[in-house]
file coords_32.cif (mmCIF, C-alpha atoms)
data_start
loop_
_atom_site.label_atom_id
_atom_site.label_comp_id
_atom_site.auth_asym_id
_atom_site.auth_seq_id
_atom_site.Cartn_x
_atom_site.Cartn_y
_atom_site.Cartn_z
CA MET E 1 -83.13 103.49 -58.23
CA MET E 2 -82.05 101.77 -61.44
CA ASP E 3 -78.92 103.86 -61.51
CA LEU E 4 -78.11 102.80 -57.98
CA LEU E 5 -78.68 99.18 -58.88
CA LYS E 6 -76.26 99.55 -61.78
CA GLN E 7 -73.65 100.73 -59.28
CA LEU E 8 -73.72 97.24 -57.75
CA LYS E 9 -72.06 95.97 -60.90
CA ARG E 10 -68.84 97.33 -59.45
CA ILE E 11 -68.77 94.47 -56.96
CA THR E 12 -66.05 92.14 -58.13
CA PRO E 13 -64.49 89.02 -56.64
CA ASP E 14 -61.10 89.13 -54.98
CA PRO E 15 -58.50 88.51 -57.75
CA SER E 16 -56.52 86.09 -55.56
CA PHE E 17 -59.67 84.03 -54.93
CA SER E 18 -60.46 84.03 -58.67
CA ALA E 19 -56.97 82.85 -59.60
CA ARG E 20 -56.93 80.14 -56.92
CA SER E 21 -60.38 78.88 -57.80
CA ARG E 22 -59.54 78.82 -61.50
CA ILE E 23 -56.39 76.76 -60.96
CA GLU E 24 -58.22 74.30 -58.71
CA LEU E 25 -61.04 73.87 -61.19
CA LEU E 26 -58.84 73.38 -64.22
CA ALA E 27 -56.67 70.93 -62.32
CA GLN E 28 -59.77 68.80 -61.80
CA MET E 29 -60.59 68.68 -65.45
CA PRO E 30 -60.44 65.10 -66.60
CA MET E 31 -57.76 64.40 -69.13
CA ARG E 32 -60.03 62.89 -71.71
CA ILE E 33 -58.65 61.12 -74.71
CA VAL E 34 -61.03 61.94 -77.48
CA ARG E 35 -61.95 58.67 -79.15
CA PRO E 36 -63.60 59.09 -82.51
CA SER E 37 -66.76 57.08 -83.12
CA ILE E 38 -67.06 54.37 -85.78
CA TRP E 39 -69.03 56.73 -88.01
CA GLN E 40 -66.38 59.41 -87.65
CA LEU E 41 -63.69 56.90 -88.63
CA PHE E 42 -65.81 55.68 -91.55
CA GLY E 43 -66.40 59.23 -92.73
CA GLU E 44 -62.74 60.12 -92.49
CA SER E 45 -61.64 56.99 -94.38
CA MET E 46 -64.25 57.63 -97.08
CA ALA E 47 -63.03 61.17 -97.46
CA SER E 48 -59.44 59.96 -97.85
CA ALA E 49 -60.46 57.29 -100.36
CA GLY E 50 -62.48 59.79 -102.34
CA ALA E 51 -59.56 62.19 -102.46
CA LEU E 52 -57.24 59.41 -103.68
CA ALA E 53 -59.72 58.32 -106.35
CA LEU E 54 -60.00 61.88 -107.61
CA VAL E 55 -56.23 62.22 -107.78
CA GLY E 56 -56.04 58.91 -109.69
CA MET E 57 -58.65 60.06 -112.20
CA LEU E 58 -56.84 63.33 -112.68
CA LEU E 59 -53.55 61.54 -113.36
CA LEU E 60 -55.26 59.12 -115.78
CA VAL E 61 -56.75 61.96 -117.77
CA ALA E 62 -53.51 63.95 -117.70
CA VAL E 63 -51.31 61.04 -118.81
CA GLY E 64 -53.75 59.13 -121.03
CA GLY E 65 -55.29 62.16 -122.61
CA PHE E 66 -58.20 61.72 -124.99
CA SER E 67 -57.26 58.26 -126.16
CA ALA E 68 -58.14 56.88 -122.76
CA TRP E 69 -61.31 58.86 -122.79
CA ASN E 70 -62.25 57.47 -126.20
CA PHE E 71 -61.47 54.00 -125.01
CA LEU E 72 -63.65 54.41 -121.94
CA THR E 73 -66.50 56.34 -123.49
CA PRO E 74 -69.74 54.40 -123.90
CA LEU E 75 -70.92 56.51 -126.87
CA ARG E 76 -69.40 55.02 -130.02
CA ILE E 77 -70.81 55.34 -133.59
CA THR E 78 -70.79 51.82 -134.97
CA SER E 79 -71.52 52.78 -138.62
CA LEU E 80 -68.42 54.96 -138.72
CA ASP E 81 -65.46 53.49 -140.68
CA PRO E 82 -62.48 55.71 -139.95
CA ALA E 83 -60.10 53.75 -142.28
CA GLY E 84 -62.46 53.97 -145.24
CA LEU E 85 -63.03 57.67 -144.65
CA THR E 86 -59.31 58.35 -144.49
CA ALA E 87 -58.63 56.42 -147.72
CA GLU E 88 -61.42 58.26 -149.48
CA ALA E 89 -60.14 61.63 -148.33
CA GLU E 90 -56.62 60.82 -149.47
CA ALA E 91 -57.84 59.59 -152.87
CA ILE E 92 -59.76 62.85 -153.50
CA ASP E 93 -56.73 64.86 -152.63
CA ILE E 94 -54.52 62.89 -154.99
CA GLN E 95 -56.93 63.24 -157.92
CA ILE E 96 -57.02 67.01 -157.47
CA GLN E 97 -53.25 67.20 -157.41
CA LEU E 98 -52.91 65.01 -160.48
CA ALA E 99 -55.51 67.02 -162.39
CA GLY E 100 -53.70 70.24 -161.49
CA VAL E 101 -50.37 68.88 -162.61
CA GLY E 102 -51.85 67.66 -165.96
CA TYR E 103 -53.39 71.06 -166.66
CA ALA E 104 -50.15 72.89 -165.92
CA ASP E 105 -48.19 70.63 -168.27
CA LEU E 106 -50.71 71.08 -171.05
CA GLN E 107 -50.60 74.88 -170.77
CA ALA E 108 -46.84 74.96 -170.82
CA ALA E 109 -46.67 72.78 -173.92
CA GLU E 110 -49.22 74.86 -175.80
CA SER E 111 -47.89 78.34 -174.98
CA THR E 112 -44.08 78.34 -175.42
CA PRO E 113 -42.69 75.11 -176.60
CA ALA E 114 -39.47 76.74 -177.93
CA ALA E 115 -38.99 78.98 -174.96
CA ALA E 116 -39.73 76.13 -172.66
CA ASP E 117 -37.04 74.12 -174.35
CA ALA E 118 -34.51 77.00 -174.13
CA PRO E 119 -32.25 77.37 -171.12
CA LEU E 120 -33.33 79.78 -168.41
CA PRO E 121 -30.78 82.63 -169.01
CA GLU E 122 -31.61 82.76 -172.73
CA ARG E 123 -35.32 82.83 -171.92
CA ARG E 124 -34.85 85.76 -169.55
CA GLN E 125 -32.71 87.63 -172.15
CA SER E 126 -35.29 87.04 -174.83
CA ILE E 127 -38.09 88.39 -172.69
CA ALA E 128 -36.09 91.50 -171.72
CA THR E 129 -35.14 92.20 -175.36
CA HIS E 130 -38.67 91.76 -176.47
CA LYS E 131 -39.95 94.22 -173.88
CA LEU E 132 -37.35 96.81 -174.96
CA ALA E 133 -38.21 96.42 -178.61
CA GLU E 134 -41.84 96.73 -177.75
CA GLU E 135 -41.18 100.03 -176.02
CA LEU E 136 -39.30 101.32 -179.04
CA GLY E 137 -42.02 100.21 -181.40
CA LEU E 138 -39.79 97.78 -183.18
CA ALA E 139 -41.52 94.71 -182.10
CA GLU E 140 -45.06 93.53 -182.31
CA PRO E 141 -46.99 93.33 -179.09
CA ALA E 142 -46.99 90.24 -176.89
CA PRO E 143 -45.94 87.25 -178.84
CA THR E 144 -48.39 84.49 -178.37
CA THR E 145 -46.70 81.94 -180.51
CA THR E 146 -43.21 80.69 -180.98
CA ASP E 147 -42.78 82.07 -184.54
CA ALA E 148 -43.08 85.73 -183.36
CA HIS E 149 -40.26 88.14 -184.46
CA THR E 150 -37.60 88.39 -181.86
CA VAL E 151 -35.18 91.36 -181.60
CA THR E 152 -31.67 90.89 -180.39
CA ILE E 153 -30.16 93.20 -177.84
CA ASP E 154 -27.69 94.60 -180.41
CA GLU E 155 -30.50 95.50 -182.81
CA ALA E 156 -32.38 97.17 -180.00
CA LEU E 157 -29.34 99.23 -178.99
CA ASP E 158 -28.72 100.26 -182.59
CA ALA E 159 -32.29 101.42 -182.89
CA LEU E 160 -31.98 103.36 -179.72
CA ALA E 161 -28.80 105.07 -180.99
CA GLU E 162 -30.54 106.19 -184.13
CA MET F 1 -72.14 86.56 -75.02
CA LEU F 2 -68.60 85.41 -75.59
CA ASP F 3 -67.30 85.47 -79.18
CA GLY F 4 -67.50 82.00 -80.66
CA GLU F 5 -69.09 80.78 -77.45
CA LYS F 6 -70.62 77.71 -79.03
CA ARG F 7 -67.24 76.52 -80.22
CA ILE F 8 -65.65 77.25 -76.86
CA ILE F 9 -68.37 75.25 -75.10
CA GLN F 10 -67.83 72.36 -77.51
CA ARG F 11 -64.12 72.43 -76.75
CA ALA F 12 -64.82 72.54 -73.02
CA LYS F 13 -67.15 69.57 -73.44
CA ARG F 14 -64.30 67.66 -75.06
CA GLY F 15 -62.25 68.33 -71.95
CA GLU F 16 -60.10 71.26 -73.04
CA ALA F 17 -59.08 73.10 -69.89
CA SER F 18 -58.25 76.32 -71.73
CA ALA F 19 -61.77 76.51 -73.14
CA PHE F 20 -63.34 76.07 -69.73
CA GLY F 21 -60.90 78.68 -68.44
CA LEU F 22 -62.27 81.16 -70.96
CA LEU F 23 -65.83 80.50 -69.82
CA TYR F 24 -64.75 80.87 -66.19
CA ASP F 25 -63.04 84.21 -66.85
CA ARG F 26 -66.07 85.54 -68.69
CA TYR F 27 -68.83 84.49 -66.30
CA GLN F 28 -67.24 84.14 -62.88
CA PRO F 29 -67.52 87.83 -61.85
CA GLN F 30 -71.24 88.05 -62.53
CA ILE F 31 -72.02 84.73 -60.88
CA TYR F 32 -69.99 85.82 -57.86
CA ARG F 33 -71.89 89.13 -57.74
CA PHE F 34 -75.23 87.35 -57.91
CA ILE F 35 -74.29 85.03 -55.07
CA PHE F 36 -72.69 87.74 -52.98
CA LEU F 37 -75.83 89.91 -53.14
CA LYS F 38 -77.85 86.88 -52.06
CA VAL F 39 -75.69 85.54 -49.22
CA SER F 40 -74.00 88.78 -48.10
CA ARG F 41 -70.83 87.05 -46.92
CA ARG F 42 -67.67 87.11 -48.94
CA GLU F 43 -66.33 83.70 -47.90
CA GLU F 44 -69.66 82.03 -48.51
CA ALA F 45 -70.02 83.79 -51.84
CA GLU F 46 -66.56 82.59 -52.83
CA ASP F 47 -67.25 79.02 -51.75
CA LEU F 48 -70.57 78.95 -53.55
CA THR F 49 -69.11 80.50 -56.68
CA HIS F 50 -66.43 77.84 -56.71
CA GLN F 51 -69.11 75.18 -56.25
CA VAL F 52 -71.14 76.59 -59.12
CA PHE F 53 -68.22 76.31 -61.52
CA LEU F 54 -67.32 72.90 -60.19
CA GLN F 55 -70.87 71.76 -60.94
CA ALA F 56 -70.65 73.38 -64.36
CA LEU F 57 -67.37 71.57 -65.03
CA GLN F 58 -68.78 68.21 -63.98
CA HIS F 59 -71.99 68.59 -65.95
CA ILE F 60 -70.92 70.58 -68.98
CA GLY F 61 -71.43 67.48 -71.11
CA GLU F 62 -75.14 67.69 -70.30
CA TYR F 63 -75.44 71.29 -71.43
CA GLU F 64 -77.30 71.56 -74.70
CA ASP F 65 -77.56 74.81 -76.58
CA VAL F 66 -81.26 74.88 -77.38
CA GLY F 67 -81.68 78.59 -77.89
CA PHE F 68 -80.65 79.96 -74.49
CA PRO F 69 -77.22 81.16 -73.54
CA PHE F 70 -74.71 79.44 -71.35
CA THR F 71 -75.07 82.21 -68.78
CA SER F 72 -78.70 81.21 -68.07
CA TRP F 73 -77.53 77.69 -67.39
CA LEU F 74 -74.90 79.00 -64.95
CA TYR F 75 -77.46 81.19 -63.17
CA ARG F 76 -79.69 78.17 -62.78
CA ILE F 77 -76.86 76.29 -61.09
CA ALA F 78 -76.02 79.32 -58.94
CA ARG F 79 -79.61 79.73 -57.87
CA ASN F 80 -79.85 76.07 -56.88
CA GLU F 81 -76.59 76.34 -54.96
CA VAL F 82 -77.88 79.33 -53.00
CA ILE F 83 -81.17 77.55 -52.28
CA ASP F 84 -79.28 74.47 -51.07
CA HIS F 85 -77.02 76.70 -49.01
CA TYR F 86 -79.97 78.25 -47.17
CA ARG F 87 -81.72 74.93 -46.86
CA THR F 88 -78.78 73.43 -45.03
CA LYS F 89 -77.95 76.49 -42.96
CA ARG F 90 -81.05 78.52 -42.18
CA GLN F 91 -84.21 79.59 -43.85
CA ALA F 92 -83.43 83.25 -44.39
CA ILE F 93 -80.91 85.89 -43.58
CA SER F 94 -81.79 88.94 -41.58
CA LEU F 95 -80.08 92.28 -41.88
CA ASP F 96 -78.45 91.70 -38.53
CA ASP F 97 -76.75 88.62 -39.95
CA VAL F 98 -75.16 90.52 -42.74
CA ALA F 99 -71.44 90.32 -42.34
CA PRO F 100 -69.55 93.60 -41.87
CA GLU F 101 -67.35 92.77 -44.89
CA TYR F 102 -70.44 92.89 -47.05
CA PHE F 103 -70.65 96.60 -46.48
CA ALA F 104 -66.90 96.90 -46.69
CA THR F 105 -67.02 95.34 -50.16
CA LEU F 106 -69.71 97.73 -51.22
CA ASP F 107 -67.80 100.66 -49.77
CA ARG F 108 -64.70 99.71 -51.73
CA ALA F 109 -66.76 99.74 -54.90
CA MET F 110 -68.15 103.25 -54.31
CA GLU F 111 -65.94 106.30 -54.07
CA ASP F 112 -68.57 108.92 -53.28
CA ALA F 113 -69.83 108.82 -49.64
CA GLU F 114 -73.32 110.03 -50.43
CA ARG F 115 -73.70 107.57 -53.25
CA ARG F 116 -72.39 104.86 -50.97
CA MET F 117 -75.23 105.54 -48.52
CA ASP F 118 -77.78 105.37 -51.32
CA VAL F 119 -76.38 102.09 -52.54
CA ARG F 120 -76.53 100.70 -49.01
CA ARG F 121 -80.15 101.63 -48.79
CA VAL F 122 -80.87 99.85 -52.05
CA THR F 123 -79.00 96.72 -51.03
CA ASP F 124 -80.75 96.70 -47.65
CA ALA F 125 -84.07 96.93 -49.42
CA LEU F 126 -83.01 94.20 -51.85
CA LYS F 127 -82.33 91.88 -48.93
CA GLN F 128 -85.89 92.30 -47.73
CA LEU F 129 -87.37 91.11 -50.99
CA LYS F 130 -88.47 87.54 -51.63
CA PRO F 131 -85.64 85.44 -53.12
CA GLU F 132 -87.48 85.24 -56.44
CA TYR F 133 -87.81 89.01 -56.59
CA GLN F 134 -84.14 89.39 -55.69
CA ASP F 135 -83.20 87.07 -58.55
CA VAL F 136 -85.21 89.05 -61.05
CA ILE F 137 -83.90 92.43 -59.88
CA ILE F 138 -80.27 91.28 -59.90
CA MET F 139 -80.47 89.55 -63.29
CA ARG F 140 -82.54 92.21 -65.01
CA PHE F 141 -81.20 95.49 -63.64
CA ILE F 142 -77.69 94.67 -62.48
CA GLU F 143 -76.62 92.06 -65.02
CA ASP F 144 -78.82 93.22 -67.93
CA LEU F 145 -80.16 89.79 -68.81
CA SER F 146 -83.16 89.67 -71.14
CA PRO F 147 -86.54 88.43 -69.81
CA LYS F 148 -86.07 85.34 -71.96
CA GLU F 149 -82.70 84.55 -70.40
CA ILE F 150 -84.12 85.11 -66.91
CA ALA F 151 -87.07 82.88 -67.77
CA VAL F 152 -84.66 80.07 -68.68
CA ALA F 153 -82.61 80.59 -65.53
CA LEU F 154 -85.66 80.64 -63.27
CA GLN F 155 -87.44 77.92 -65.27
CA LYS F 156 -90.48 80.08 -65.73
CA SER F 157 -92.31 81.55 -68.70
CA GLU F 158 -91.31 84.93 -70.08
CA GLY F 159 -94.67 86.35 -69.06
CA ALA F 160 -94.23 85.12 -65.51
CA VAL F 161 -90.81 86.80 -65.37
CA LYS F 162 -92.26 90.13 -66.53
CA LEU F 163 -94.93 89.89 -63.85
CA LEU F 164 -92.31 89.05 -61.22
CA GLN F 165 -90.20 91.98 -62.38
CA HIS F 166 -93.13 94.37 -62.12
CA ARG F 167 -93.96 93.23 -58.59
CA ALA F 168 -90.32 93.24 -57.49
CA VAL F 169 -89.72 96.80 -58.69
CA LYS F 170 -92.93 98.00 -57.04
CA GLN F 171 -92.00 96.41 -53.73
CA LEU F 172 -88.47 97.75 -53.90
CA GLN F 173 -89.75 101.25 -54.53
CA GLN F 174 -92.05 100.96 -51.50
CA LEU F 175 -89.18 99.83 -49.31
CA LEU F 176 -87.06 102.75 -50.48
CA LYS F 177 -89.68 105.34 -49.69
CA PRO F 178 -88.53 107.59 -46.83
#

call {"tool": "encode", "arguments": {"input": "coords_32.cif", "output": "structure tokens"}}
result
Amino acid sequence: MMDLLKQLKRITPDPSFSARSRIELLAQMPMRIVRPSIWQLFGESMASAGALALVGMLLLVAVGGFSAWNFLTPLRITSLDPAGLTAEAEAIDIQIQLAGVGYADLQAAESTPAAADAPLPERRQSIATHKLAEELGLAEPAPTTTDAHTVTIDEALDALAE
Amino acid sequence: MLDGEKRIIQRAKRGEASAFGLLYDRYQPQIYRFIFLKVSRREEAEDLTHQVFLQALQHIGEYEDVGFPFTSWLYRIARNEVIDHYRTKRQAISLDDVAPEYFATLDRAMEDAERRMDVRRVTDALKQLKPEYQDVIIMRFIEDLSPKEIAVALQKSEGAVKLLQHRAVKQLQQLLKP
């Protein structure tokens, strides 16, 4: 019986009737102009204003950077003196540099006053000659003072020839 | 249920003809079938179907989706239209009043001659049932509506619909006995 009842589902309306009825019905549909309510308008305007405010904030942060943020921030340490801190930091730095320079000068004066006074090519030649003599056993090891025996290049070559 | 039906109904409520057209295309055949099986005359079924959708169009703004589908709402309108139709015309329809095209429509739907005879027997028996029983049989076993949907359409409780269904099937079986 149920199967036979299901067969009744095959009953369908005449297509021409369906089409005609559809057209007539849709033609009667009122052409309504959808008017938004006050709340809808309010909501929409608030959404637009919010979007604009966000864009403004974004631009402010992008253009102004952190300086604007610092200017606007409510959390400021009143006991902090940036100028004083900067001056102090610079002063410490200077003292270190000056102390370093003084130490370097003192060392130079104590170690090789004669060599320091000599021109650079002569100093280089002297060092090279001394190293050669040292290798040949003609010179004393590492002169620490200015009155150490120095060997000329000719003497060194003569010794090497012998 | 139509895909995105809620949205389509909302659009139809706003007056979009295309949205109402979609609802018409989806539900018109089953509403027509329901009416045709009740009134047995093609022209009357067509007129009443048109009236049902006209009513739906005029009152779609009043439709509220409160947990029952749009189809139940349409069946409720269809049922009222059929009741009004009989109220204005005559109290009931006898088998002798059934228009010849009723059987012609059924015959067109069935290819097999033997099956056609069986279906005629069932439809004849259906006509002898109380209108309420007819409604339940058509909605439940032809259109596959759930008891809940039928309850909404008939404005009865789900339990009452199940009881009606039980009685309707029993009576139909008795009428079909040789």

call {"tool": "resolve_selection", "arguments": {"input": "coords_32.cif", "expression": "the PyMOL selection byres ((chain E) within 12 of (chain F))", "output": "VMD selection string"}}
result
chain E and resid 1 to 36

call {"tool": "atom_distance", "arguments": {"input": "coords_32.cif", "atom1": "CA of Gln165 in chain F", "atom2": "CA of Arg76 in chain F"}}
result
17.4 Å

call {"tool": "atom_distance", "arguments": {"input": "coords_32.cif", "atom1": "CA of Lys177 in chain F", "atom2": "CA of Arg140 in chain F"}}
result
21.4 Å

call {"tool": "atom_distance", "arguments": {"input": "coords_32.cif", "atom1": "CA of Ala47 in chain E", "atom2": "CA of Ile8 in chain F"}}
result
26.3 Å

call {"tool": "residues_near_point", "arguments": {"input": "coords_32.cif", "point": "(-80.0, 75.6, -56.7)", "cutoff": "12 Å", "atoms": "all atoms listed in the file", "output": "PyMOL selection string"}}
result
chain F and resi 35+48-49+51-52+55+73-88+131+153-155

call {"tool": "closest_atom_pairs", "arguments": {"input": "coords_32.cif", "of": "range 9-105 of chain F", "to": "range 148-151 of chain F", "cutoff": "8 Å", "atoms": "all atoms listed in the file", "output": "Markdown table"}}
result
| residue | atom | partner | partner_atom | distance |
| --- | --- | --- | --- | --- |
| F:Phe68 | CA | F:Glu149 | CA | 6.5 |
| F:Pro69 | CA | F:Glu149 | CA | 7.2 |
| F:Ser72 | CA | F:Glu149 | CA | 5.7 |
